[in-house]
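This report concerns only the one structure given below.
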Amino acid sequence: MAEARLLLVEDDERLASLTSEYLTQSGFEVAIESRGDRAVDRILADDPDLVVLDLMLPGEDGLSICRRVRPSWSGPILMLTARGEEIDQVLGLEMGADDYVAKPVSPRLLLARIRALLRRKQTPVGDDEKVVVGSLVVDRSTREARIDGVAMDMTSAEFDLLWLLASHAGKPLTREELIRHLRGIEYDGIDRSMDVRVSQLRRKLAQDPRHADRIKTVRGVGYQFAPES
């Protein structure tokens, strides 16, 4: 993780410089892109380990960048949104962001969220690295989910959610557990990020009718992955 390459897409020159300096001192290699209309090409060309993406940018906004880059790049995206703008946060997740933090953000919080996202990519390979549910195979060693051998198109965050649910098939998981495991924060009772993520994952699984109802809502609890009947 100490040598991870980050791309910071931020048009505020002073903020970008200060953030880059802090993250560099924390052991990361940081590149800066100041224009939104250059961000997609820059992400695809540089292929960084993680992108920190501001929402408001000249040339193209962060939501559009997420939407356009996702078909070709599945690495983690941490979006910076305006404080209290829930609609922006939800839209960011729907467009393909893996997590979000509200500006102004403390450097320590930003660093913690970056490290949490990178840790998910670097989960050690162990004995139980595959979950097989009928035609669906979720493989943590390759970080791929396949149906009938065909890889599903999903982001890093969507894969992490699928793995967590599938590896606990038959057991309801609360929103508190999901947010703690996947975002590294405590559930505040109003955070909608997991509901948005589950909805996205359901849509992708539903492309195969055999898995359309695989993720069940457990009223008053959370979500449960249904094992093969």
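Quick note on naming: the chains in the structure tokens go A, B, ... in the order shown, residues restart at 1 in each chain, and ligands are numbered from 1 in order of appearance.
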
* To do: Name the residues of range 4-171 of chain A that fall into alpha helix (DSSP H) according to DSSP on the backbone, using the chain letters and numbers of this document, as a ChimeraX atom specification.
  => /A:13-25,39-46,62-69,86-95,107-121,156-167

* Contacts of Arg67 in chain A within 12 Å, only C-alpha atoms, excl. fewer than 2 positions in-chain, as a list in words ->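 Residues near the query, excluding close chain neighbours: Ala39, Val40, Glu60, Asp61, Gly62, Leu63, Ser64, Ile65, Val69, Arg70, Pro71, Ser72, Trp73, Ser74, Ile77, Leu91, Gly92, Leu93, Glu94, Met95, Gly96, Ala97 and Thr155 of chain A.
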
* Structure fact -> Using only C-alpha atoms, the best pick from A:Ala102, A:Ala82, A:Ile147, A:Ala16 as closest to Asp208 in chain A would be A:Ile147

* Asked: So how many Å separate CA of Asp99 in chain A and CA of Glu129 in chain A, to one decimal?
  ->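 Calculated distance between CA of Asp99 in chain A and CA of Glu129 in chain A is 24.3 Å.
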
* Atomic separation - CA of Arg119 in chain A relative to CA of Leu18 in chain A, Å ->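 About the pair CA of Leu18 in chain A and CA of Arg119 in chain A: they are 23.9 Å apart.
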
* **DSSP-assigned strand (DSSP E) among range 20-86 of chain A, expressed as a PyMOL selection string** => chain A and resi 29-33+50-54+77-82

Write out the residues from the selection above, keeping N, CA and C atoms, as a JSON list (two decimals), in the first residue's frame.
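Written file, out.json:
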[["chain", "number", "residue", "atom", "x", "y", "z"],
["A", 29, "GLU", "N", 2.43, 7.76, -4.08],
["A", 29, "GLU", "CA", 2.86, 8.50, -5.27],
["A", 29, "GLU", "C", 1.62, 9.19, -5.83],
["A", 30, "VAL", "N", 1.65, 10.50, -5.92],
["A", 30, "VAL", "CA", 0.45, 11.27, -6.26],
["A", 30, "VAL", "C", 0.66, 12.08, -7.53],
["A", 31, "ALA", "N", -0.29, 11.93, -8.47],
["A", 31, "ALA", "CA", -0.33, 12.76, -9.67],
["A", 31, "ALA", "C", -1.60, 13.61, -9.59],
["A", 32, "ILE", "N", -1.57, 14.79, -10.21],
["A", 32, "ILE", "CA", -2.70, 15.72, -10.15],
["A", 32, "ILE", "C", -3.21, 16.00, -11.55],
["A", 33, "GLU", "N", -4.54, 15.99, -11.69],
["A", 33, "GLU", "CA", -5.19, 16.42, -12.92],
["A", 33, "GLU", "C", -6.19, 17.50, -12.53],
["A", 50, "LEU", "N", -5.80, 4.16, -7.32],
["A", 50, "LEU", "CA", -7.02, 4.77, -6.77],
["A", 50, "LEU", "C", -7.12, 6.19, -7.31],
["A", 51, "VAL", "N", -8.36, 6.64, -7.52],
["A", 51, "VAL", "CA", -8.62, 8.01, -7.98],
["A", 51, "VAL", "C", -9.39, 8.75, -6.89],
["A", 52, "VAL", "N", -8.89, 9.93, -6.53],
["A", 52, "VAL", "CA", -9.63, 10.86, -5.68],
["A", 52, "VAL", "C", -10.22, 11.90, -6.61],
["A", 53, "LEU", "N", -11.56, 11.96, -6.68],
["A", 53, "LEU", "CA", -12.24, 12.72, -7.74],
["A", 53, "LEU", "C", -13.16, 13.77, -7.14],
["A", 54, "ASP", "N", -12.87, 15.03, -7.43],
["A", 54, "ASP", "CA", -13.76, 16.11, -6.99],
["A", 54, "ASP", "C", -15.02, 16.09, -7.84],
["A", 77, "ILE", "N", -12.71, 4.51, -6.83],
["A", 77, "ILE", "CA", -12.87, 5.96, -6.97],
["A", 77, "ILE", "C", -13.45, 6.51, -5.67],
["A", 78, "LEU", "N", -12.75, 7.46, -5.08],
["A", 78, "LEU", "CA", -13.21, 8.15, -3.88],
["A", 78, "LEU", "C", -13.65, 9.55, -4.31],
["A", 79, "MET", "N", -14.94, 9.82, -4.18],
["A", 79, "MET", "CA", -15.46, 11.10, -4.67],
["A", 79, "MET", "C", -15.54, 12.13, -3.54],
["A", 80, "LEU", "N", -15.19, 13.37, -3.86],
["A", 80, "LEU", "CA", -15.30, 14.47, -2.93],
["A", 80, "LEU", "C", -16.57, 15.26, -3.25],
["A", 81, "THR", "N", -17.50, 15.34, -2.30],
["A", 81, "THR", "CA", -18.77, 16.01, -2.54],
["A", 81, "THR", "C", -18.94, 17.19, -1.60],
["A", 82, "ALA", "N", -19.92, 18.03, -1.89],
["A", 82, "ALA", "CA", -20.23, 19.15, -1.01],
["A", 82, "ALA", "C", -20.85, 18.63, 0.28]]

* Asked: Could you name the residues that touch Arg108 in chain A at 12 Å or less, counting only C-alpha atoms, but leaving out those on the same chain fewer than 3 positions away, as a list in words?
  ->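 The contact residues come out as Thr19, Tyr22, Leu23, Ser26, Val101, Pro104, Val105, Leu111, Ala112, Arg113, Ile114 and Arg115 of chain A.
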
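Each of A:Thr217, A:Ser20, A:Ser193, A:Ser156 was checked against Asp49 in chain A using only C-alpha atoms; the smallest atom-to-atom distance is that of A:Ser156.
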